[in-house]
$ cat coords32.txt   # compact mmCIF, C-alpha atoms and all ligand atoms
# COMPACT_ATOMS: atom_id res chain seq x y z
CA MET A 240 -25.12 -6.11 4.65
CA ALA A 241 -23.01 -8.28 6.94
CA HIS A 242 -19.33 -8.62 6.09
CA ARG A 243 -17.96 -12.04 5.24
CA LYS A 244 -15.52 -13.38 7.87
CA LEU A 245 -12.16 -14.83 6.95
CA GLU A 246 -11.69 -18.36 8.32
CA PRO A 247 -8.30 -19.35 9.83
CA GLY A 248 -5.99 -20.92 7.24
CA PRO A 249 -3.89 -19.89 4.27
CA LEU A 250 -4.25 -16.35 2.90
CA VAL A 251 -2.53 -15.28 -0.31
CA ILE A 252 -0.84 -11.87 -0.09
CA ALA A 253 -1.52 -10.70 -3.64
CA SER A 254 1.46 -8.34 -3.94
CA HIS A 255 4.81 -8.51 -5.69
CA ASN A 256 6.28 -5.71 -3.53
CA PRO A 257 8.50 -7.24 -0.80
CA GLY A 258 8.17 -4.10 1.40
CA LYS A 259 4.39 -4.40 1.40
CA VAL A 260 4.39 -8.18 1.89
CA ARG A 261 6.59 -7.68 4.96
CA GLU A 262 4.26 -5.04 6.43
CA ILE A 263 1.07 -7.01 5.68
CA ALA A 264 2.54 -10.23 7.18
CA ALA A 265 3.44 -8.26 10.35
CA LEU A 266 -0.07 -6.78 10.57
CA LEU A 267 -1.64 -10.25 10.11
CA GLY A 268 0.65 -11.79 12.75
CA PRO A 269 -1.87 -11.99 15.61
CA PHE A 270 -4.82 -13.35 13.58
CA GLY A 271 -4.10 -17.04 12.97
CA VAL A 272 -3.93 -16.79 9.18
CA GLU A 273 -1.01 -18.31 7.28
CA PRO A 274 0.26 -15.69 4.83
CA VAL A 275 1.73 -16.96 1.55
CA SER A 276 2.87 -14.42 -1.04
CA ALA A 277 1.84 -14.29 -4.69
CA GLY A 278 5.55 -14.45 -5.57
CA GLU A 279 6.04 -17.73 -3.63
CA LEU A 280 3.05 -19.23 -5.51
CA GLY A 281 4.39 -17.97 -8.85
CA LEU A 282 1.19 -16.01 -9.54
CA PRO A 283 1.39 -13.46 -12.38
CA GLU A 284 1.38 -9.69 -11.67
CA PRO A 285 -1.86 -8.40 -13.24
CA GLU A 286 -1.89 -5.12 -15.15
CA GLU A 287 -3.48 -2.38 -13.00
CA THR A 288 -6.06 -1.06 -15.44
CA GLU A 289 -8.57 0.58 -13.06
CA ASP A 290 -8.65 4.30 -12.26
CA SER A 291 -8.98 4.07 -8.46
CA PHE A 292 -7.05 2.49 -5.57
CA ILE A 293 -10.01 0.27 -4.65
CA GLY A 294 -10.56 -0.73 -8.29
CA ASN A 295 -6.96 -1.89 -8.62
CA ALA A 296 -6.94 -3.60 -5.18
CA GLU A 297 -10.05 -5.58 -6.21
CA LEU A 298 -8.56 -6.51 -9.57
CA LYS A 299 -5.37 -7.85 -7.92
CA ALA A 300 -7.18 -9.68 -5.08
CA VAL A 301 -9.76 -11.35 -7.37
CA ALA A 302 -7.06 -12.46 -9.85
CA ALA A 303 -5.01 -14.06 -7.04
CA ALA A 304 -8.02 -15.73 -5.36
CA LYS A 305 -9.23 -17.22 -8.66
CA ALA A 306 -5.74 -18.39 -9.69
CA SER A 307 -4.90 -19.96 -6.30
CA GLY A 308 -8.32 -21.21 -5.15
CA LYS A 309 -7.66 -19.54 -1.77
CA PRO A 310 -8.75 -16.26 -0.19
CA ALA A 311 -6.40 -13.42 -1.17
CA LEU A 312 -5.58 -9.98 0.19
CA ALA A 313 -4.37 -7.23 -2.14
CA ASP A 314 -3.13 -3.73 -1.39
CA ASP A 315 -3.22 -0.82 -3.81
CA SER A 316 -1.64 2.27 -2.41
CA GLY A 317 0.18 5.46 -3.28
CA LEU A 318 1.34 8.93 -2.40
CA CYS A 319 -0.91 11.89 -3.28
CA VAL A 320 0.85 15.28 -3.27
CA ASP A 321 -1.38 18.36 -3.01
CA ALA A 322 1.02 20.60 -4.98
CA LEU A 323 0.88 18.06 -7.82
CA ASP A 324 -2.93 17.80 -7.87
CA GLY A 325 -2.76 14.38 -6.20
CA ALA A 326 0.02 12.87 -8.33
CA PRO A 327 1.62 10.35 -8.40
CA GLY A 328 -1.51 8.76 -6.79
CA ILE A 329 -2.47 5.48 -8.45
CA TYR A 330 0.66 5.83 -10.62
CA SER A 331 3.02 5.80 -7.60
CA ALA A 332 4.64 2.47 -8.51
CA ARG A 333 4.92 3.47 -12.19
CA TRP A 334 6.95 6.62 -11.31
CA GLY A 335 9.72 4.22 -10.21
CA GLY A 336 10.06 3.05 -13.84
CA GLU A 337 10.92 -0.44 -15.05
CA ASP A 338 13.68 -0.72 -12.43
CA LYS A 339 11.34 0.25 -9.56
CA ASP A 340 13.80 3.01 -8.67
CA PHE A 341 12.19 5.04 -5.87
CA GLY A 342 15.25 7.29 -5.58
CA LEU A 343 14.25 8.39 -9.08
CA ALA A 344 10.55 8.57 -8.15
CA MET A 345 11.24 10.77 -5.09
CA THR A 346 13.50 13.05 -7.16
CA THR A 347 10.70 13.33 -9.73
CA VAL A 348 8.25 14.42 -7.01
CA HIS A 349 10.68 17.09 -5.82
CA LYS A 350 11.50 18.26 -9.36
CA LYS A 351 7.83 18.59 -10.32
CA MET A 352 7.10 20.50 -7.09
CA ARG A 353 9.93 22.94 -7.89
CA GLU A 354 8.63 23.33 -11.45
CA SER A 355 5.25 24.32 -10.05
CA GLY A 356 6.97 26.87 -7.77
CA LYS A 357 6.57 24.87 -4.52
CA ASP A 358 9.26 23.78 -2.07
CA THR A 359 6.85 22.21 0.40
CA SER A 360 3.48 20.53 0.12
CA ALA A 361 0.90 18.70 2.14
CA ALA A 362 0.48 15.09 1.02
CA HIS A 363 -1.20 11.88 2.05
CA PHE A 364 -0.72 8.19 1.55
CA THR A 365 -3.80 6.12 0.65
CA CYS A 366 -4.08 2.36 1.02
CA ALA A 367 -6.93 0.25 -0.36
CA LEU A 368 -7.08 -3.31 0.94
CA THR A 369 -9.32 -5.93 -0.69
CA LEU A 370 -10.03 -9.42 0.59
CA ALA A 371 -11.31 -11.65 -2.20
CA TRP A 372 -12.58 -15.23 -2.13
CA PRO A 373 -12.36 -17.73 -5.02
CA ASP A 374 -16.14 -17.34 -5.63
CA GLY A 375 -15.57 -13.65 -6.48
CA HIS A 376 -16.88 -12.12 -3.22
CA VAL A 377 -14.86 -9.04 -2.16
CA GLU A 378 -14.56 -6.85 0.93
CA SER A 379 -12.68 -3.53 0.48
CA PHE A 380 -11.41 -0.86 2.87
CA GLU A 381 -9.51 2.41 2.38
CA GLY A 382 -7.12 4.07 4.85
CA LYS A 383 -5.17 7.33 4.82
CA VAL A 384 -2.39 9.14 6.66
CA HIS A 385 -1.76 12.88 6.26
CA GLY A 386 1.55 14.71 6.32
CA ASP A 387 4.05 16.74 4.31
CA ILE A 388 6.71 16.19 1.68
CA VAL A 389 10.23 16.88 2.99
CA TRP A 390 13.43 17.34 1.01
CA PRO A 391 16.15 16.04 1.03
CA ILE A 392 15.21 12.41 1.67
CA ARG A 393 15.73 11.09 5.22
CA GLY A 394 15.95 7.53 6.53
CA ALA A 395 16.55 4.03 5.24
CA HIS A 396 13.61 2.12 6.77
CA GLY A 397 10.38 1.21 4.99
CA PHE A 398 10.12 1.32 1.19
CA GLY A 399 8.94 3.43 -1.73
CA TYR A 400 8.36 7.09 -0.85
CA ASP A 401 8.84 6.69 2.95
CA PRO A 402 12.01 8.89 3.10
CA ILE A 403 10.16 12.03 1.82
CA PHE A 404 6.95 11.64 3.87
CA GLN A 405 6.56 13.11 7.36
CA ARG A 406 3.26 12.53 9.14
CA THR A 407 1.56 15.65 10.56
CA GLY A 408 2.87 16.24 14.09
CA ASP A 409 5.94 13.97 13.69
CA LEU A 410 9.56 15.15 13.50
CA ILE A 411 10.82 12.09 11.60
CA THR A 412 9.92 10.67 8.20
CA PHE A 413 8.43 7.20 7.69
CA GLY A 414 11.91 6.30 6.41
CA GLU A 415 13.42 7.19 9.79
CA MET A 416 10.68 5.48 11.79
CA ASP A 417 11.03 2.10 13.45
CA PRO A 418 9.00 -0.37 11.31
CA ASP A 419 6.81 -1.39 14.28
CA ALA A 420 5.89 2.25 14.86
CA LYS A 421 4.93 2.72 11.19
CA HIS A 422 2.72 -0.41 11.40
CA GLY A 423 0.69 1.31 14.12
CA LEU A 424 -0.10 4.58 12.35
CA SER A 425 0.26 4.28 8.58
CA HIS A 426 -2.40 4.38 5.84
CA ARG A 427 -2.00 0.58 5.70
CA ALA A 428 -2.61 0.31 9.47
CA ASP A 429 -5.75 2.49 9.08
CA ALA A 430 -7.19 0.28 6.32
CA PHE A 431 -6.13 -2.84 8.22
CA ARG A 432 -7.97 -1.79 11.38
CA GLN A 433 -11.19 -1.49 9.34
CA LEU A 434 -10.60 -4.90 7.73
CA VAL A 435 -9.97 -6.52 11.13
CA ARG A 436 -13.16 -5.04 12.58
CA ALA A 437 -15.26 -6.21 9.62
CA CYS A 438 -13.73 -9.55 8.57
CA LEU A 439 -11.38 -10.95 11.20
CA LYS A 440 -13.21 -10.53 14.49
CA PRO A 441 -16.03 -13.02 15.27
O1 LIG A 501 0.90 -3.96 -6.94
P1 LIG A 501 1.79 -4.70 -5.97
O2 LIG A 501 2.31 -5.99 -6.51
O3 LIG A 501 1.16 -4.87 -4.63
O4 LIG A 501 3.12 -3.79 -5.70
P2 LIG A 501 3.35 -2.29 -6.17
O5 LIG A 501 4.64 -1.82 -5.58
O6 LIG A 501 3.18 -2.20 -7.65
O7 LIG A 501 2.17 -1.53 -5.42
P3 LIG A 501 1.09 -0.51 -5.99
O8 LIG A 501 0.73 -0.85 -7.37
O9 LIG A 501 0.00 -0.45 -4.97
O10 LIG A 501 1.88 0.85 -5.97
C1 LIG A 501 2.04 1.53 -4.77
C2 LIG A 501 3.34 2.30 -4.73
O11 LIG A 501 3.13 3.38 -3.80
C3 LIG A 501 4.20 3.49 -2.92
N1 LIG A 501 3.76 3.20 -1.53
C4 LIG A 501 2.65 2.54 -1.12
N2 LIG A 501 2.63 2.38 0.20
C5 LIG A 501 3.76 2.95 0.66
C6 LIG A 501 4.33 3.08 1.92
O12 LIG A 501 3.77 2.58 3.01
N3 LIG A 501 5.50 3.72 2.01
C7 LIG A 501 6.11 4.21 0.92
N4 LIG A 501 5.66 4.10 -0.31
C8 LIG A 501 4.49 3.47 -0.46
C9 LIG A 501 5.24 2.46 -3.32
O13 LIG A 501 6.20 3.10 -4.10
C10 LIG A 501 4.47 1.47 -4.16
O14 LIG A 501 5.29 0.92 -5.16
MG MG A 502 1.36 -2.53 -8.51
$ encode --input "coords32.txt" --output "C-alpha cells"
Amino acid sequence: MAHRKLEPGPLVIASHNPGKVREIAALLGPFGVEPVSAGELGLPEPEETEDSFIGNAELKAVAAAKASGKPALADDSGLCVDALDGAPGIYSARWGGEDKDFGLAMTTVHKKMRESGKDTSAAHFTCALTLAWPDGHVESFEGKVHGDIVWPIRGAHGFGYDPIFQRTGDLITFGEMDPDAKHGLSHRADAFRQLVRACLKP
C-alpha cells in the first residue's frame, strides 16, 4: 500500500527527551516542516505499555497527534547488549531511574556484564520512528546501528548511553563523535532515511 505523505507545516516531536528532540529537529532541518516539541505544547508523557519499540513509538505518536490535532513524530529507542540477552532494550530509559541518571544506567550495564563474566560485548542501538496523523493513521520505520560496549565511558557529546557505545569499525564512541557525524550514521539516521523515502519525498 502507498505510504501517506507528510504535508509541509507544523510537526509535533512527541518526545520529552531534549537530546532526542535536538537530533530529530536537526534531521528534519532540510524538509520544510516546522518542528514543535511535546514539551513546548505541554502534552503529557504517556506510559510506555507496549512490549516492542514500534509499539511504544506508535503509542506516543498517536497520543500526541490526537491531543494536538497535528501530525506527530515519536521515537522509541534503546540499547540492546548481546551479553545481557538484549537488555536494557525497551527499558533503556527506565534504567536511568526517576532522575534519568545515565551515569547510573551505564554503570548498571557494566556491572551486569561483569556479573555474567563478560568484559566486552557486541551491542546495537534500535530506533523506531512513527509518524501519526490526528485521524489515527500511522507510518512506522525501524533503524539499527551495530557496535560494541566499551568501558570506561568516553566523551561528553550526545545523550543517554552514547559514551559506552562504539560503532563497528570506529575508534571513537558516539559520546566522542561530533553531533553532525552521529546524525549521519546512527540508528535514528537509519530509521529517518526510511521515513524520508516513504513519507517526505514527493
Ligand atoms: O519517550 P521519550 O519522551 O521520547 O524519551 P525517552 O528518553 O523516555 O526515550 P525512550 O522511551 O525511547 O527511551 C530510550 C532511551 O534509550 C537511550 N537512547 C536512545 N537513543 C539513544 C542514542 O542515540 N544515544 C544514546 N542513548 C540513546 C536513551 O537513554 C533513552 O532515554
Ligand atoms: Mg520514554
$ closest_residue --input "coords32.txt" --among "A:Phe398, A:Phe380, A:Trp372, A:Phe413" --to "A:Ala300" --atoms "only C-alpha atoms"
A:Trp372
$ atom_distance --input "coords32.txt" --atom1 "atom CA of A:Gly382" --atom2 "atom CA of A:Ala306"
26.8 Å
$ residues_around --input "coords32.txt" --residues "stretch 336-353 of chain A" --least-positions-apart "4" --cutoff "12 Å" --atoms "only C-alpha atoms" --output "MDAnalysis selection string"
chainID A and resid 255:257 317:328 330:332 357:362 388:393 395 397:404
$ residues_near_ligand --input "coords32.txt" --ligand "ligand MG 502 (chain A)" --cutoff "10 Å" --atoms "all atoms listed in the file" --output "list in words"
Ala253, Ser254, His255, Asn256, Glu284, Pro285, Glu286, Glu287, Asn295, Ala296, Lys299, Ala313, Asp314, Asp315, Ser316, Gly317, Ile329, Tyr330, Ser331, Ala332 and Arg333 of chain A
$ atom_distance --input "coords32.txt" --atom1 "atom CA of A:Val260" --atom2 "atom CA of A:Gly278"
9.8 Å
$ closest_residue --input "coords32.txt" --among "A:Gly356, A:Pro249, A:Gly271, A:Gly414" --to "ligand LIG 501 (chain A)" --atoms "only C-alpha atoms and all ligand atoms"
A:Gly414
$ closest_residue --input "coords32.txt" --among "A:Leu410, A:Leu439, A:Ala304, A:Ile252" --to "ligand LIG 501 (chain A)" --atoms "all atoms listed in the file"
A:Ile252
$ atom_distance --input "coords32.txt" --atom1 "atom CA of A:Gly386" --atom2 "atom CA of A:Ala428"
15.3 Å
$ decode --input "coords32.txt" --residues "stretch 268-383 of chain A" --atoms "C-alpha atoms" --output "PDB file, in the first residue's frame"
ATOM      1  CA  GLY A 268      16.016  20.602   9.028  1.00  0.00           C
ATOM      2  CA  PRO A 269      16.011  20.296   5.220  1.00  0.00           C
ATOM      3  CA  PHE A 270      12.363  19.188   4.811  1.00  0.00           C
ATOM      4  CA  GLY A 271      10.233  22.313   5.303  1.00  0.00           C
ATOM      5  CA  VAL A 272       8.390  21.054   8.380  1.00  0.00           C
ATOM      6  CA  GLU A 273       8.118  23.220  11.487  1.00  0.00           C
ATOM      7  CA  PRO A 274       9.073  21.076  14.485  1.00  0.00           C
ATOM      8  CA  VAL A 275       7.358  21.857  17.792  1.00  0.00           C
ATOM      9  CA  SER A 276       8.107  19.658  20.798  1.00  0.00           C
ATOM     10  CA  ALA A 277       5.574  17.903  23.016  1.00  0.00           C
ATOM     11  CA  GLY A 278       7.140  19.726  25.971  1.00  0.00           C
ATOM     12  CA  GLU A 279       6.527  23.165  24.396  1.00  0.00           C
ATOM     13  CA  LEU A 280       2.860  22.201  23.827  1.00  0.00           C
ATOM     14  CA  GLY A 281       2.542  20.903  27.394  1.00  0.00           C
ATOM     15  CA  LEU A 282       1.486  17.442  26.177  1.00  0.00           C
ATOM     16  CA  PRO A 283       1.560  14.663  28.796  1.00  0.00           C
ATOM     17  CA  GLU A 284       4.206  11.897  28.674  1.00  0.00           C
ATOM     18  CA  PRO A 285       2.232   8.678  28.038  1.00  0.00           C
ATOM     19  CA  GLU A 286       3.129   5.484  29.879  1.00  0.00           C
ATOM     20  CA  GLU A 287       5.035   3.120  27.541  1.00  0.00           C
ATOM     21  CA  THR A 288       2.986  -0.030  27.995  1.00  0.00           C
ATOM     22  CA  GLU A 289       3.825  -1.931  24.777  1.00  0.00           C
ATOM     23  CA  ASP A 290       6.455  -4.679  24.541  1.00  0.00           C
ATOM     24  CA  SER A 291       8.220  -3.513  21.357  1.00  0.00           C
ATOM     25  CA  PHE A 292       9.992  -0.361  20.126  1.00  0.00           C
ATOM     26  CA  ILE A 293       7.446   0.114  17.326  1.00  0.00           C
ATOM     27  CA  GLY A 294       4.525  -0.496  19.690  1.00  0.00           C
ATOM     28  CA  ASN A 295       5.734   2.232  22.042  1.00  0.00           C
ATOM     29  CA  ALA A 296       6.616   4.642  19.195  1.00  0.00           C
ATOM     30  CA  GLU A 297       3.058   4.251  17.826  1.00  0.00           C
ATOM     31  CA  LEU A 298       1.515   4.753  21.255  1.00  0.00           C
ATOM     32  CA  LYS A 299       3.467   8.007  21.795  1.00  0.00           C
ATOM     33  CA  ALA A 300       2.886   9.359  18.258  1.00  0.00           C
ATOM     34  CA  VAL A 301      -0.871   8.626  18.245  1.00  0.00           C
ATOM     35  CA  ALA A 302      -1.343  10.169  21.711  1.00  0.00           C
ATOM     36  CA  ALA A 303       0.434  13.381  20.615  1.00  0.00           C
ATOM     37  CA  ALA A 304      -1.381  13.622  17.252  1.00  0.00           C
ATOM     38  CA  LYS A 305      -4.799  13.158  18.889  1.00  0.00           C
ATOM     39  CA  ALA A 306      -4.042  15.617  21.718  1.00  0.00           C
ATOM     40  CA  SER A 307      -2.622  18.340  19.429  1.00  0.00           C
ATOM     41  CA  GLY A 308      -4.720  17.864  16.270  1.00  0.00           C
ATOM     42  CA  LYS A 309      -1.468  17.926  14.254  1.00  0.00           C
ATOM     43  CA  PRO A 310       0.734  15.229  12.730  1.00  0.00           C
ATOM     44  CA  ALA A 311       3.261  13.923  15.278  1.00  0.00           C
ATOM     45  CA  LEU A 312       6.547  12.049  15.121  1.00  0.00           C
ATOM     46  CA  ALA A 313       7.612   9.800  18.008  1.00  0.00           C
ATOM     47  CA  ASP A 314      10.839   7.905  18.596  1.00  0.00           C
ATOM     48  CA  ASP A 315      11.194   4.825  20.758  1.00  0.00           C
ATOM     49  CA  SER A 316      14.744   3.636  21.006  1.00  0.00           C
ATOM     50  CA  GLY A 317      17.222   1.813  23.178  1.00  0.00           C
ATOM     51  CA  LEU A 318      20.460  -0.055  23.611  1.00  0.00           C
ATOM     52  CA  CYS A 319      20.439  -3.864  23.245  1.00  0.00           C
ATOM     53  CA  VAL A 320      23.500  -5.614  24.729  1.00  0.00           C
ATOM     54  CA  ASP A 321      24.193  -9.157  23.495  1.00  0.00           C
ATOM     55  CA  ALA A 322      25.843 -10.263  26.772  1.00  0.00           C
ATOM     56  CA  LEU A 323      22.672  -9.186  28.600  1.00  0.00           C
ATOM     57  CA  ASP A 324      20.277 -11.007  26.246  1.00  0.00           C
ATOM     58  CA  GLY A 325      19.251  -7.703  24.653  1.00  0.00           C
ATOM     59  CA  ALA A 326      18.785  -5.684  27.861  1.00  0.00           C
ATOM     60  CA  PRO A 327      18.161  -2.860  28.608  1.00  0.00           C
ATOM     61  CA  GLY A 328      16.279  -2.771  25.238  1.00  0.00           C
ATOM     62  CA  ILE A 329      12.847  -1.178  25.548  1.00  0.00           C
ATOM     63  CA  TYR A 330      13.673  -0.467  29.213  1.00  0.00           C
ATOM     64  CA  SER A 331      16.690   1.728  28.333  1.00  0.00           C
ATOM     65  CA  ALA A 332      15.121   4.942  29.655  1.00  0.00           C
ATOM     66  CA  ARG A 333      13.861   3.181  32.798  1.00  0.00           C
ATOM     67  CA  TRP A 334      17.410   2.027  33.738  1.00  0.00           C
ATOM     68  CA  GLY A 335      18.179   5.725  34.322  1.00  0.00           C
ATOM     69  CA  GLY A 336      15.674   5.726  37.212  1.00  0.00           C
ATOM     70  CA  GLU A 337      13.409   8.585  38.291  1.00  0.00           C
ATOM     71  CA  ASP A 338      16.289  11.062  37.936  1.00  0.00           C
ATOM     72  CA  LYS A 339      17.095   9.927  34.367  1.00  0.00           C
ATOM     73  CA  ASP A 340      20.668   9.317  35.520  1.00  0.00           C
ATOM     74  CA  PHE A 341      22.506   7.707  32.582  1.00  0.00           C
ATOM     75  CA  GLY A 342      25.779   7.635  34.520  1.00  0.00           C
ATOM     76  CA  LEU A 343      23.934   5.167  36.738  1.00  0.00           C
ATOM     77  CA  ALA A 344      22.407   3.345  33.746  1.00  0.00           C
ATOM     78  CA  MET A 345      25.817   2.900  32.057  1.00  0.00           C
ATOM     79  CA  THR A 346      27.348   1.661  35.322  1.00  0.00           C
ATOM     80  CA  THR A 347      24.475  -0.825  35.621  1.00  0.00           C
ATOM     81  CA  VAL A 348      25.207  -2.153  32.107  1.00  0.00           C
ATOM     82  CA  HIS A 349      28.874  -2.622  33.010  1.00  0.00           C
ATOM     83  CA  LYS A 350      28.094  -4.191  36.391  1.00  0.00           C
ATOM     84  CA  LYS A 351      25.638  -6.692  34.903  1.00  0.00           C
ATOM     85  CA  MET A 352      28.142  -7.601  32.168  1.00  0.00           C
ATOM     86  CA  ARG A 353      30.797  -8.286  34.823  1.00  0.00           C
ATOM     87  CA  GLU A 354      28.311 -10.361  36.827  1.00  0.00           C
ATOM     88  CA  SER A 355      27.726 -12.512  33.761  1.00  0.00           C
ATOM     89  CA  GLY A 356      31.504 -12.925  33.352  1.00  0.00           C
ATOM     90  CA  LYS A 357      31.873 -10.566  30.356  1.00  0.00           C
ATOM     91  CA  ASP A 358      34.133  -7.529  29.988  1.00  0.00           C
ATOM     92  CA  THR A 359      33.154  -6.813  26.396  1.00  0.00           C
ATOM     93  CA  SER A 360      30.043  -7.349  24.331  1.00  0.00           C
ATOM     94  CA  ALA A 361      28.566  -6.647  20.947  1.00  0.00           C
ATOM     95  CA  ALA A 362      25.540  -4.355  21.144  1.00  0.00           C
ATOM     96  CA  HIS A 363      23.215  -2.384  18.926  1.00  0.00           C
ATOM     97  CA  PHE A 364      21.002   0.639  19.191  1.00  0.00           C
ATOM     98  CA  THR A 365      17.486   0.374  17.739  1.00  0.00           C
ATOM     99  CA  CYS A 366      15.270   3.321  16.838  1.00  0.00           C
ATOM    100  CA  ALA A 367      11.593   3.065  15.901  1.00  0.00           C
ATOM    101  CA  LEU A 368      10.087   6.195  14.386  1.00  0.00           C
ATOM    102  CA  THR A 369       6.324   6.595  13.961  1.00  0.00           C
ATOM    103  CA  LEU A 370       4.524   9.371  12.124  1.00  0.00           C
ATOM    104  CA  ALA A 371       0.906   9.611  13.238  1.00  0.00           C
ATOM    105  CA  TRP A 372      -1.930  11.799  11.978  1.00  0.00           C
ATOM    106  CA  PRO A 373      -4.902  13.016  14.065  1.00  0.00           C
ATOM    107  CA  ASP A 374      -7.191  10.518  12.244  1.00  0.00           C
ATOM    108  CA  GLY A 375      -5.122   7.637  13.684  1.00  0.00           C
ATOM    109  CA  HIS A 376      -3.164   6.728  10.515  1.00  0.00           C
ATOM    110  CA  VAL A 377       0.433   5.673  11.305  1.00  0.00           C
ATOM    111  CA  GLU A 378       3.628   5.039   9.345  1.00  0.00           C
ATOM    112  CA  SER A 379       6.455   3.269  11.250  1.00  0.00           C
ATOM    113  CA  PHE A 380      10.111   2.554  10.488  1.00  0.00           C
ATOM    114  CA  GLU A 381      12.907   0.826  12.425  1.00  0.00           C
ATOM    115  CA  GLY A 382      16.648   1.526  12.184  1.00  0.00           C
ATOM    116  CA  LYS A 383      19.717  -0.038  13.793  1.00  0.00           C
TER     117      LYS A 383
END
